[in-house]
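The file entry-v8.cif comes next; it holds mmCIF, C-alpha atoms.
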data_upload
#
loop_
_atom_site.label_atom_id
_atom_site.label_comp_id
_atom_site.auth_asym_id
_atom_site.auth_seq_id
_atom_site.Cartn_x
_atom_site.Cartn_y
_atom_site.Cartn_z
CA MET S 1 16.27 29.78 -6.96
CA SER S 2 14.81 32.80 -8.76
CA ASN S 3 15.25 36.38 -7.55
CA LYS S 4 11.58 36.61 -6.65
CA GLU S 5 11.78 33.53 -4.45
CA MET S 6 14.96 34.79 -2.80
CA MET S 7 13.32 38.12 -2.04
CA LYS S 8 10.29 36.36 -0.60
CA GLN S 9 12.56 34.25 1.58
CA ASP S 10 14.41 37.36 2.78
CA ASP S 11 11.10 39.01 3.67
CA GLU S 12 10.02 35.97 5.66
CA GLU S 13 13.35 35.84 7.45
CA ASN S 14 13.04 39.53 8.32
CA LEU S 15 9.51 38.96 9.58
CA TYR S 16 10.63 36.20 11.93
CA GLY S 17 14.15 37.53 12.45
CA ASP S 18 13.90 37.43 16.23
CA VAL S 19 12.64 33.87 16.27
CA ILE S 20 15.40 32.71 13.95
CA LYS S 21 18.03 34.56 15.98
CA ASN S 22 16.80 33.06 19.23
CA LEU S 23 16.74 29.56 17.83
CA LYS S 24 20.21 29.88 16.32
CA HIS S 25 21.64 31.10 19.59
CA LEU S 26 20.21 28.28 21.64
CA LYS S 27 22.92 26.44 23.50
CA ASN S 28 23.84 23.13 21.88
CA VAL S 29 22.94 20.08 23.88
CA ASP S 30 25.66 17.44 23.73
CA ALA S 31 25.77 13.75 24.43
CA PRO S 32 27.38 12.67 27.72
CA ASP S 33 30.92 11.32 27.76
CA ASN S 34 29.83 7.77 28.43
CA PHE S 35 27.37 7.80 25.50
CA GLU S 36 29.48 5.58 23.27
CA ASP S 37 30.36 3.18 26.10
CA ASN S 38 26.69 2.68 26.85
CA LEU S 39 25.87 2.29 23.19
CA PHE S 40 28.49 -0.37 22.52
CA LEU S 41 27.58 -2.10 25.75
CA LYS S 42 24.01 -2.33 24.50
CA ILE S 43 25.08 -3.53 21.06
CA ASN S 44 27.47 -6.17 22.43
CA SER S 45 25.11 -7.44 25.10
CA GLY S 46 22.20 -7.74 22.67
CA ASN S 47 19.98 -5.49 24.78
CA TYR S 48 18.77 -3.80 21.63
CA ILE S 49 16.66 -6.84 20.81
CA GLN S 50 14.36 -5.82 23.65
CA ILE S 51 14.08 -2.31 22.22
CA GLU S 52 13.25 -3.75 18.79
CA ASN S 53 10.54 -5.94 20.19
CA ARG S 54 8.78 -3.09 21.95
CA PRO S 55 6.08 -2.50 19.29
CA VAL S 56 5.20 -6.21 19.29
CA LYS S 57 4.15 -5.90 22.93
CA ILE S 58 1.12 -3.88 21.82
CA PHE S 59 -0.50 -7.12 20.69
CA ILE S 60 -0.01 -8.77 24.05
CA GLN S 61 -1.35 -5.90 26.15
CA LYS S 62 -4.32 -6.98 28.21
CA LYS S 63 -6.21 -3.73 27.76
CA LEU S 64 -6.53 -4.42 24.03
CA LEU S 65 -8.13 -7.82 24.55
CA PRO S 66 -11.78 -6.59 24.81
CA ALA S 67 -11.37 -4.55 21.65
CA LEU S 68 -9.91 -7.57 19.86
CA ALA S 69 -12.79 -9.75 21.07
CA VAL S 70 -15.37 -7.25 19.79
CA PHE S 71 -13.56 -7.02 16.47
CA ALA S 72 -13.47 -10.81 16.08
CA ALA S 73 -17.18 -11.09 17.01
CA ALA S 74 -18.06 -8.40 14.45
CA ILE S 75 -16.20 -10.26 11.71
CA ILE S 76 -17.98 -13.52 12.58
CA VAL S 77 -21.39 -11.79 12.52
CA ILE S 78 -20.63 -10.18 9.16
CA PHE S 79 -19.65 -13.56 7.71
CA MET S 80 -22.83 -15.17 9.02
CA ILE S 81 -25.01 -12.44 7.51
CA GLU S 82 -23.17 -12.59 4.21
CA THR S 83 -23.43 -16.36 3.82
CA GLN S 84 -27.18 -16.55 4.54
CA PRO S 85 -29.38 -15.90 1.45
CA SER S 86 -31.77 -12.97 1.87
CA HIS S 87 -34.74 -14.81 0.17
CA PRO S 88 -34.73 -18.55 0.82
CA GLN S 89 -35.83 -20.44 -2.31
CA ASP S 90 -38.50 -23.10 -2.40
CA PRO S 91 -36.65 -26.21 -3.61
CA PHE S 92 -39.80 -27.45 -5.45
CA SER S 93 -40.13 -24.27 -7.48
CA VAL S 94 -36.53 -24.35 -8.72
CA LYS S 95 -35.98 -25.92 -12.12
CA PRO S 96 -33.64 -28.88 -12.09
CA ARG S 97 -30.19 -28.25 -13.31
CA VAL S 98 -29.41 -29.39 -16.85
CA ARG S 99 -26.90 -32.21 -16.73
CA GLU S 100 -25.05 -31.66 -19.96
CA ASP S 101 -22.76 -34.58 -19.31
CA VAL S 102 -25.67 -37.00 -19.05
CA ILE S 103 -27.77 -35.87 -22.02
CA ALA S 104 -27.00 -38.09 -25.00
CA GLY S 105 -29.13 -37.16 -27.96
CA SER S 106 -27.33 -39.31 -30.49
CA GLU S 107 -30.58 -40.76 -31.69
CA ASN S 108 -31.88 -37.31 -32.49
CA ILE S 109 -29.13 -36.50 -34.94
CA ASN S 110 -30.79 -38.14 -37.88
CA LYS S 111 -34.18 -36.77 -36.92
CA SER S 112 -32.99 -33.20 -36.46
CA VAL S 113 -31.07 -33.21 -39.73
CA GLU S 114 -34.02 -34.65 -41.55
CA ASP S 115 -36.49 -32.19 -40.03
CA LEU S 116 -34.39 -29.14 -40.60
CA ALA S 117 -33.54 -30.07 -44.14
CA ARG S 118 -37.12 -30.84 -44.93
CA LYS S 119 -38.27 -27.53 -43.56
CA SER S 120 -35.74 -25.69 -45.62
CA PHE S 121 -36.81 -27.48 -48.82
CA GLN S 122 -40.48 -26.87 -48.21
CA ASN S 123 -40.27 -23.23 -47.30
CA ASN S 124 -37.73 -22.12 -49.83
CA SER S 125 -38.47 -24.00 -52.99
CA THR S 126 -37.74 -20.81 -54.96
CA ASP S 127 -34.36 -20.25 -53.39
CA GLN S 128 -31.80 -22.09 -55.49
CA LYS S 129 -28.63 -21.66 -53.55
CA PRO S 130 -29.23 -23.72 -50.42
CA ALA S 131 -30.81 -26.44 -52.46
CA ALA S 132 -27.89 -26.59 -54.81
CA LYS S 133 -25.54 -26.69 -51.89
CA LEU S 134 -27.48 -29.49 -50.36
CA LYS S 135 -27.42 -31.36 -53.59
CA GLU S 136 -23.71 -31.17 -53.74
CA ARG S 137 -23.39 -32.22 -50.18
CA SER S 138 -25.87 -35.02 -50.47
CA ASN S 139 -23.19 -37.11 -52.07
CA PRO S 140 -22.19 -39.36 -49.18
CA GLU S 141 -18.67 -39.93 -50.48
CA ASN S 142 -17.95 -36.22 -50.56
CA ASN S 143 -19.53 -35.13 -47.37
CA ILE S 144 -20.30 -37.84 -44.92
CA ASN S 145 -17.52 -39.86 -43.58
CA ASP S 146 -16.26 -40.53 -40.12
CA LYS S 147 -14.24 -37.37 -39.89
CA ASN S 148 -16.47 -34.70 -41.38
CA ALA S 149 -19.85 -35.85 -40.12
CA ASP S 150 -19.85 -33.01 -37.67
CA ALA S 151 -19.05 -30.46 -40.36
CA TYR S 152 -21.78 -31.84 -42.57
CA LEU S 153 -24.32 -31.58 -39.81
CA GLU S 154 -23.28 -28.03 -39.14
CA ASN S 155 -23.53 -27.06 -42.80
CA SER S 156 -26.95 -28.59 -43.10
CA LEU S 157 -28.17 -26.67 -40.12
CA THR S 158 -26.62 -23.46 -41.38
CA ASP S 159 -28.41 -23.89 -44.69
CA ALA S 160 -31.63 -24.38 -42.85
CA ALA S 161 -30.94 -21.32 -40.81
CA LEU S 162 -30.19 -19.32 -43.98
CA THR S 163 -33.63 -20.05 -45.30
CA GLY S 164 -35.04 -18.02 -42.43
CA ASP S 165 -37.21 -20.59 -40.80
CA VAL S 166 -34.71 -21.80 -38.29
CA LYS S 167 -32.94 -18.86 -36.74
CA LEU S 168 -29.63 -20.09 -35.44
CA SER S 169 -26.22 -18.51 -35.53
CA LYS S 170 -23.14 -20.61 -36.20
CA LYS S 171 -22.05 -20.18 -32.64
CA GLU S 172 -25.38 -21.36 -31.35
CA ILE S 173 -25.24 -24.36 -33.63
CA ARG S 174 -21.83 -25.29 -32.36
CA ASN S 175 -22.31 -24.65 -28.69
CA GLY S 176 -26.00 -24.89 -28.02
CA LEU S 177 -26.59 -28.53 -28.88
CA ASN S 178 -26.33 -30.73 -25.89
CA PHE S 179 -25.90 -34.14 -27.36
CA LYS S 180 -23.10 -36.56 -27.45
CA GLN S 181 -21.29 -36.51 -30.76
CA ILE S 182 -20.94 -39.91 -32.39
CA TYR S 183 -19.69 -41.05 -35.73
CA LEU S 184 -22.04 -42.95 -38.01
CA ASP S 185 -21.32 -46.53 -38.91
CA LYS S 186 -21.81 -47.92 -42.43
CA LYS S 187 -25.36 -49.02 -41.84
CA GLN S 188 -26.42 -45.66 -40.54
CA ARG S 189 -24.69 -43.91 -43.39
CA LYS S 190 -26.59 -46.06 -45.85
CA GLU S 191 -29.86 -45.20 -44.16
CA LEU S 192 -28.95 -41.58 -44.33
CA THR S 193 -28.12 -41.70 -48.03
CA VAL S 194 -31.40 -43.47 -48.71
CA LEU S 195 -33.20 -40.70 -46.88
CA LYS S 196 -31.31 -38.06 -48.81
CA GLU S 197 -32.17 -39.66 -52.08
CA LYS S 198 -35.79 -39.78 -51.07
CA MET S 199 -35.67 -36.13 -50.23
CA GLU S 200 -34.03 -35.27 -53.48
CA ASN S 201 -36.70 -37.15 -55.35
CA LEU S 202 -39.36 -35.32 -53.40
CA TYR S 203 -37.68 -32.06 -54.17
CA ASN S 204 -37.36 -32.80 -57.87
CA GLN S 205 -40.96 -33.84 -58.01
CA SER S 206 -42.08 -30.67 -56.30
CA ARG S 207 -40.11 -28.61 -58.80
CA LYS S 208 -41.71 -30.37 -61.71
CA MET X 1 42.15 0.32 6.48
CA LYS X 2 44.17 2.49 8.87
CA ASP X 3 42.48 4.62 11.50
CA LYS X 4 43.90 7.84 10.09
CA ASN X 5 42.53 7.06 6.66
CA LEU X 6 39.10 6.20 8.05
CA ASN X 7 38.86 9.60 9.71
CA ASP X 8 39.42 11.23 6.35
CA LEU X 9 36.55 9.39 4.73
CA SER X 10 33.14 10.98 4.14
CA ASP X 11 30.04 9.69 5.94
CA GLU X 12 28.91 7.81 2.85
CA GLU X 13 32.31 6.16 2.42
CA LEU X 14 32.35 5.18 6.08
CA ILE X 15 28.95 3.51 5.97
CA LEU X 16 29.98 1.68 2.80
CA GLU X 17 33.13 0.50 4.55
CA PHE X 18 30.99 -0.71 7.43
CA GLN X 19 28.54 -2.40 5.05
CA GLN X 20 31.10 -4.16 2.89
CA ASN X 21 33.93 -5.00 5.31
CA ASN X 22 32.05 -4.81 8.61
CA THR X 23 34.66 -2.36 9.90
CA GLU X 24 33.44 -1.46 13.38
CA ARG X 25 35.81 1.48 13.55
CA ALA X 26 33.95 3.12 10.66
CA PHE X 27 30.73 2.85 12.67
CA GLU X 28 32.46 4.32 15.73
CA ILE X 29 33.58 7.33 13.71
CA LEU X 30 30.01 7.84 12.47
CA VAL X 31 28.78 7.72 16.07
CA GLN X 32 31.38 10.33 17.05
CA ARG X 33 30.32 12.59 14.20
CA TYR X 34 26.56 12.36 14.68
CA LYS X 35 25.97 11.84 18.41
CA ASN X 36 25.92 15.54 19.31
CA PRO X 37 23.82 16.83 16.38
CA LEU X 38 21.31 14.04 16.93
CA VAL X 39 21.14 14.57 20.69
CA ASN X 40 20.55 18.28 20.09
CA PHE X 41 17.86 17.61 17.49
CA VAL X 42 15.99 15.00 19.54
CA TYR X 43 16.30 16.99 22.78
CA ARG X 44 14.81 20.07 21.15
CA PHE X 45 11.96 17.94 19.83
CA LEU X 46 11.18 15.97 23.00
CA GLY X 47 12.41 18.29 25.74
CA ASP X 48 13.61 15.43 27.94
CA TYR X 49 17.30 14.63 28.10
CA GLU X 50 17.13 11.04 29.36
CA THR X 51 14.53 10.01 26.77
CA CYS X 52 16.49 11.84 24.11
CA LEU X 53 19.60 9.77 24.91
CA ASP X 54 17.58 6.56 24.65
CA VAL X 55 16.18 7.63 21.27
CA VAL X 56 19.60 8.55 19.89
CA GLN X 57 21.07 5.27 21.10
CA GLU X 58 18.21 3.42 19.47
CA THR X 59 18.94 5.33 16.26
CA PHE X 60 22.56 4.17 16.24
CA ILE X 61 21.52 0.62 17.07
CA LYS X 62 19.19 0.68 14.07
CA VAL X 63 22.02 1.94 11.87
CA TYR X 64 24.21 -0.85 13.23
CA ARG X 65 21.63 -3.57 12.70
CA TYR X 66 20.18 -2.41 9.41
CA LYS X 67 23.34 -1.05 7.83
CA ASN X 68 22.54 -2.91 4.61
CA SER X 69 19.30 -1.04 4.11
CA TYR X 70 21.26 2.15 3.47
CA ILE X 71 21.42 2.91 -0.26
CA SER X 72 24.52 4.74 -1.42
CA ILE X 73 22.56 7.20 -3.59
CA ALA X 74 21.15 8.92 -0.49
CA LYS X 75 23.10 11.14 1.86
CA PHE X 76 24.00 9.43 5.10
CA SER X 77 22.99 12.49 7.13
CA THR X 78 19.45 12.51 5.71
CA TRP X 79 19.13 8.76 6.36
CA ILE X 80 20.19 8.98 10.00
CA TYR X 81 18.09 12.10 10.61
CA THR X 82 15.06 10.29 9.14
CA ILE X 83 15.57 7.37 11.54
CA ALA X 84 16.06 9.67 14.53
CA GLY X 85 13.06 11.82 13.56
CA ASN X 86 10.79 8.81 13.23
CA LEU X 87 11.89 7.37 16.55
CA ALA X 88 11.49 10.75 18.23
CA LYS X 89 7.96 11.11 16.86
CA THR X 90 7.06 7.60 18.04
CA GLU X 91 8.44 8.40 21.50
CA TYR X 92 6.55 11.70 21.56
CA GLN X 93 3.26 9.92 20.81
CA ARG X 94 3.97 7.30 23.46
CA ARG X 95 4.74 9.95 26.07
CA LYS X 96 1.62 11.88 25.14
CA ARG X 97 -0.56 8.79 25.67
CA ARG X 98 1.17 7.97 28.94
CA LYS X 99 0.69 11.53 30.17
CA PHE X 100 -3.00 11.46 29.26
CA PHE X 101 -3.62 8.22 31.14
CA SER X 102 -1.53 9.22 34.15
CA ILE X 103 -3.48 12.48 34.65
CA ASN X 104 -6.77 10.64 34.45
CA SER X 105 -5.76 7.98 36.92
CA TYR X 106 -4.06 10.41 39.28
CA GLY X 107 -5.25 10.33 42.88
CA GLU X 108 -7.67 7.67 43.94
CA ASN X 109 -9.29 9.98 46.51
CA LYS X 110 -10.17 12.62 43.92
CA GLU X 111 -7.30 14.85 45.03
CA THR X 112 -6.70 18.03 43.10
CA LEU X 113 -3.81 17.97 40.67
CA ASP X 114 -1.34 20.80 41.15
CA ILE X 115 0.04 22.04 37.86
CA PRO X 116 2.95 24.45 38.33
CA ASP X 117 2.58 27.92 36.86
CA GLU X 118 5.15 27.98 34.10
CA ARG X 119 4.21 31.28 32.55
CA TYR X 120 6.91 33.70 31.51
CA ARG X 121 8.31 35.70 34.42
CA PRO X 122 10.10 38.92 33.34
CA ASP X 123 11.98 39.27 36.62
CA ILE X 124 14.11 36.21 35.91
CA ALA X 125 14.21 36.40 32.14
CA THR X 126 17.50 38.24 32.04
CA ASP X 127 19.53 35.13 32.56
CA SER X 128 20.42 33.50 29.22
CA GLY X 129 20.04 29.99 30.61
CA ILE X 130 16.52 30.75 31.68
CA LYS X 131 15.82 32.38 28.34
CA ASP X 132 16.92 29.15 26.67
CA LYS X 133 14.54 27.21 28.87
CA ILE X 134 11.68 29.51 27.99
CA ILE X 135 12.41 29.16 24.29
CA GLN X 136 12.61 25.40 24.68
CA LYS X 137 9.27 25.32 26.48
CA ALA X 138 7.70 27.48 23.82
CA LEU X 139 9.19 25.25 21.15
CA LEU X 140 7.55 22.23 22.76
CA LYS X 141 4.20 23.97 22.47
CA VAL X 142 4.56 24.34 18.71
CA SER X 143 2.71 21.53 16.95
CA PRO X 144 5.09 18.61 16.25
CA VAL X 145 4.69 18.81 12.46
CA TYR X 146 6.07 22.38 12.45
CA ARG X 147 8.46 21.83 15.33
CA GLU X 148 10.48 19.19 13.50
CA VAL X 149 11.11 21.35 10.43
CA LEU X 150 11.80 24.38 12.61
CA ILE X 151 14.49 22.52 14.55
CA LEU X 152 16.05 21.06 11.43
CA ARG X 153 16.17 24.43 9.71
CA ASP X 154 16.83 27.03 12.39
CA ILE X 155 18.72 24.99 14.99
CA GLN X 156 20.46 22.29 12.98
CA GLY X 157 20.94 24.55 9.97
CA LEU X 158 19.95 22.03 7.29
CA SER X 159 18.94 23.12 3.80
CA TYR X 160 15.34 22.99 2.54
CA GLU X 161 16.29 20.15 0.18
CA GLU X 162 17.81 18.09 2.98
CA ILE X 163 14.73 18.62 5.15
CA SER X 164 12.42 17.65 2.31
CA GLU X 165 14.42 14.43 1.85
CA ILE X 166 14.40 13.65 5.56
CA MET X 167 10.67 14.22 5.94
CA GLY X 168 9.62 12.91 2.55
CA ILE X 169 7.75 16.08 1.60
CA THR X 170 8.24 18.72 -1.08
CA THR X 171 10.42 21.78 -0.60
CA GLY X 172 7.35 24.00 -0.84
CA THR X 173 5.69 22.16 2.03
CA VAL X 174 8.90 22.45 4.04
CA LYS X 175 8.95 26.22 3.54
CA SER X 176 5.32 26.70 4.47
CA ARG X 177 5.70 24.52 7.56
CA ILE X 178 8.77 26.47 8.64
CA ASN X 179 6.87 29.75 8.31
CA ARG X 180 3.89 28.46 10.24
CA GLY X 181 6.18 27.08 12.92
CA ARG X 182 8.01 30.41 13.20
CA SER X 183 4.71 32.25 13.40
CA GLN X 184 3.46 29.97 16.20
CA LEU X 185 6.71 30.36 18.09
CA GLN X 186 6.65 34.12 17.68
CA LYS X 187 3.20 34.28 19.24
CA LEU X 188 4.34 32.06 22.11
CA LEU X 189 7.41 34.18 22.74
CA LYS X 190 5.57 37.49 22.42
CA ASP X 191 6.53 38.60 25.94
CA ILE X 192 10.24 38.25 25.31
CA TYR X 193 10.08 40.45 22.22
CA ASN X 194 7.98 43.07 23.96
CA GLU X 195 10.61 43.49 26.62
#
For this file, produce the structure as structure tokens.
Amino acid sequence: MSNKEMMKQDDEENLYGDVIKNLKHLKNVDAPDNFEDNLFLKINSGNYIQIENRPVKIFIQKKLLPALAVFAAAIIVIFMIETQPSHPQDPFSVKPRVREDVIAGSENINKSVEDLARKSFQNNSTDQKPAAKLKERSNPENNINDKNADAYLENSLTDAALTGDVKLSKKEIRNGLNFKQIYLDKKQRKELTVLKEKMENLYNQSRK
Amino acid sequence: MKDKNLNDLSDEELILEFQQNNTERAFEILVQRYKNPLVNFVYRFLGDYETCLDVVQETFIKVYRYKNSYISIAKFSTWIYTIAGNLAKTEYQRRKRRKFFSINSYGENKETLDIPDERYRPDIATDSGIKDKIIQKALLKVSPVYREVLILRDIQGLSYEEISEIMGITTGTVKSRINRGRSQLQKLLKDIYNE
């Protein structure tokens, strides 16, 4: 304690000196002689359990029942208000929910690839890079097999997107298509290669 | 452990002995040591001897039952004073409520309630016993927040640090509460000082 604090304390004690003196000289109140006997009697008889349980009795008191009833009613009312929608919707005006698990656009794969690729060729005949990429990828042995069909599709779409006509980010391409992914069988792959070759021919002819 | 040795142990060692070996004699010694200080403290706070004895007994019963909740880093005296203080405050609130309801429901025939005139009477103030009573009555009029610290400091003689531990407040708050309590008491006991 610093000197300043000690001085302050002394001042306060001088200010209330009489009060302090009176309180210090109050006669001590002692416990009765049988205090311990009563205490151990209580401990041994288990009477203290009743003392411990005293606060619990508050919940059983009859005078608190109306208050509890009001409280419970208020909670129920609040729940009812909360659960009811403020503006009920017309069920005929609501759009049906998209069932992503049901939509199977496997047939559209070929079409979408074809359309997108065609668009990219037509609009960007001057741009060499995507075309060159596509040329490389058009080789079915390199790019289209059972395992990397998905990657091929994605690359094709990305190329189309790069040309500017189809504005899709990679994330959108991955996540936004709601069709069932299937692997192409040999027949389909052949059809696809034929289509690619046709497109290449068309492209070469347009360049010439 | 022998009885003589147990008497030599500190409060903290005794409660540890009671915790670890369930030595009832250690608890008895603690009761002997603390019964009078606690009775004095609680009586000065509540102003009713019978209720005070109940509260102090309840305090010891709590110590007996929850002996394991005592942590050896704390002083035993602060722990037991905290328990007694909390029980006394609870009892004070209960009595206050009971008093409020009993006055309201007094007399079904709208009888007038006679409240005795307990103002300070100088003609009988010379007797020290009566002076004690007057101080006690004035003390009971001090608000309970200040009264507790006032009793702990000026009657029980505890340090500011001990009081701050017991009440769970800072030493600064303890000091300011003591001063406010003293100031309130001084105003209440004005007549005695004027004499």
(request) Given the file shown, determine the residues that the PyMOL selection byres ((chain X and resi 126-143) around 7) selects; report them as a list in words. (result) Leu26 of chain S; Arg44, Phe45, Gly47, Ile124, Ala125, Pro144, Val145, Tyr146, Arg147, Gly181, Gln184, Leu185, Leu188 and Leu189 of chain X
(request) Please determine the contact residues of chain X with respect to chain S at a cut-off of 8 Å, counting only C-alpha atoms, and supply them as a VMD selection string. (result) chain X and resid 31 35 to 37 39 to 40 43 53 57 to 58 60 to 61 132 135 154 to 155 179 182 to 183 185 to 186 193
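Computed from the coordinates, the atom CA of Ile163 of chain X to atom CA of Leu14 of chain X distance equals 22.2 Å.
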Close residues, Leu9 of chain X itself excluded, 10 Å, only C-alpha atoms, min 6 positions apart in chain, as a JSON list (two decimals) with C-alpha atoms, in the coordinates of the input:
[["chain", "number", "residue", "atom", "x", "y", "z"],
["X", 15, "ILE", "CA", 28.95, 3.51, 5.97],
["X", 17, "GLU", "CA", 33.13, 0.50, 4.55],
["X", 26, "ALA", "CA", 33.95, 3.12, 10.66],
["X", 29, "ILE", "CA", 33.58, 7.33, 13.71]]
(message) Quick check, in Å to one decimal: how far apart do atom CA of Ser72 of chain X and atom CA of Val42 of chain X lie?
(response) 24.8 Å
(request) Figure out the distance between atom CA of Tyr49 of chain X and atom CA of Gly85 of chain X, please, to one decimal in Å. (result) 15.4 Å
(message) Excluding Ile83 of chain X and its own-chain neighbours fewer than 6 positions away, which residues fall within 12 Å of it when counting all atoms listed in the file? Please give them as a list of chain:residue names.
(response) X:Leu38, X:Val42, X:Val55, X:Val56, X:Gln57, X:Glu58, X:Thr59, X:Phe60, X:Ile61, X:Lys62, X:Val63, X:Tyr66, X:Ser69, X:Tyr70, X:Phe76, X:Ser77, X:Lys89, X:Thr90, X:Ile166, X:Met167
(request) Compare X:Tyr34, X:Phe41, X:Phe18, X:Tyr81 by their minimum atom-to-atom distance to Asn68 of chain X, counting all atoms listed in the file, and give me the closest one. (result)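 Using all atoms listed in the file, Asn68 of chain X sits closest to X:Phe18.
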(message) Under the rule that all atoms listed in the file are counted, which of X:Arg177, X:Arg94, X:Lys75, X:Lys67 is the nearest residue to Thr23 of chain X?
(response) X:Lys67
(request) Compile the contact shell of Tyr160 of chain X as a list in words: residues with an atom at most 9 Å away, counting all atoms listed in the file, same-chain residues fewer than 4 positions apart removed. (result)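 Surrounding residues, per the criterion: Arg153, Ser164, Glu165, Thr171, Gly172, Val174 and Lys175 of chain X.
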Where is the centre and how long are the edges: axis-aligned box on segment 75-89 of chain X, 6 Å on each side, Å to one decimal, as AutoDock Vina command-line options:
--center_x 16.0 --center_y 9.9 --center_z 10.0 --size_x 28.0 --size_y 17.1 --size_z 28.4
(message) Between X:Lys190, X:Glu161, X:Gln20, X:Ser10, which residue has the minimum interatomic distance to Val149 of chain X, considering only C-alpha atoms?
(response)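 Distance minimum relative to Val149 of chain X lands on X:Glu161.
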Extract segment 29-83 of chain X from the coordinates I pasted, and write it as an mmCIF file, in the first residue's frame (atoms kept: C-alpha atoms).
data_model
loop_
_atom_site.group_PDB
_atom_site.id
_atom_site.type_symbol
_atom_site.label_atom_id
_atom_site.label_comp_id
_atom_site.auth_asym_id
_atom_site.auth_seq_id
_atom_site.Cartn_x
_atom_site.Cartn_y
_atom_site.Cartn_z
ATOM 1 C CA ILE X 29 -12.373 -28.700 15.927
ATOM 2 C CA LEU X 30 -13.347 -26.466 12.999
ATOM 3 C CA VAL X 31 -16.825 -26.083 14.491
ATOM 4 C CA GLN X 32 -15.290 -25.116 17.844
ATOM 5 C CA ARG X 33 -13.065 -22.542 16.183
ATOM 6 C CA TYR X 34 -15.674 -20.911 13.961
ATOM 7 C CA LYS X 35 -19.000 -21.194 15.798
ATOM 8 C CA ASN X 36 -18.609 -17.972 17.799
ATOM 9 C CA PRO X 37 -17.213 -15.725 15.027
ATOM 10 C CA LEU X 38 -19.914 -16.941 12.660
ATOM 11 C CA VAL X 39 -22.707 -16.513 15.198
ATOM 12 C CA ASN X 40 -21.490 -12.971 15.877
ATOM 13 C CA PHE X 41 -21.270 -12.157 12.164
ATOM 14 C CA VAL X 42 -24.687 -13.575 11.269
ATOM 15 C CA TYR X 43 -26.375 -12.101 14.348
ATOM 16 C CA ARG X 44 -25.081 -8.631 13.529
ATOM 17 C CA PHE X 45 -26.362 -9.043 9.978
ATOM 18 C CA LEU X 46 -29.805 -10.478 10.758
ATOM 19 C CA GLY X 47 -30.484 -9.156 14.251
ATOM 20 C CA ASP X 48 -32.315 -12.299 15.344
ATOM 21 C CA TYR X 49 -30.539 -14.816 17.542
ATOM 22 C CA GLU X 50 -32.662 -17.895 16.836
ATOM 23 C CA THR X 51 -32.510 -17.436 13.064
ATOM 24 C CA CYS X 52 -28.812 -16.716 13.329
ATOM 25 C CA LEU X 53 -28.234 -20.070 15.062
ATOM 26 C CA ASP X 54 -30.161 -21.863 12.318
ATOM 27 C CA VAL X 55 -28.092 -20.138 9.628
ATOM 28 C CA VAL X 56 -24.790 -20.975 11.319
ATOM 29 C CA GLN X 57 -25.834 -24.587 11.783
ATOM 30 C CA GLU X 58 -26.805 -24.742 8.130
ATOM 31 C CA THR X 59 -23.379 -23.333 7.273
ATOM 32 C CA PHE X 60 -21.614 -26.127 9.160
ATOM 33 C CA ILE X 61 -23.899 -28.728 7.632
ATOM 34 C CA LYS X 62 -22.954 -27.433 4.189
ATOM 35 C CA VAL X 63 -19.276 -27.663 5.094
ATOM 36 C CA TYR X 64 -19.869 -31.210 6.314
ATOM 37 C CA ARG X 65 -21.772 -32.291 3.222
ATOM 38 C CA TYR X 66 -19.759 -30.463 0.599
ATOM 39 C CA LYS X 67 -16.335 -30.779 2.158
ATOM 40 C CA ASN X 68 -14.905 -31.911 -1.183
ATOM 41 C CA SER X 69 -15.843 -28.672 -2.883
ATOM 42 C CA TYR X 70 -13.264 -26.837 -0.776
ATOM 43 C CA ILE X 71 -10.119 -26.133 -2.799
ATOM 44 C CA SER X 72 -6.903 -26.024 -0.821
ATOM 45 C CA ILE X 73 -5.648 -22.853 -2.544
ATOM 46 C CA ALA X 74 -8.314 -20.761 -0.776
ATOM 47 C CA LYS X 75 -8.299 -19.857 2.890
ATOM 48 C CA PHE X 76 -10.754 -21.892 4.922
ATOM 49 C CA SER X 77 -11.967 -18.800 6.779
ATOM 50 C CA THR X 78 -12.925 -17.004 3.550
ATOM 51 C CA TRP X 79 -14.720 -20.126 2.302
ATOM 52 C CA ILE X 80 -16.808 -20.572 5.441
ATOM 53 C CA TYR X 81 -17.556 -16.841 5.690
ATOM 54 C CA THR X 82 -18.736 -16.891 2.060
ATOM 55 C CA ILE X 83 -21.134 -19.751 2.804
#
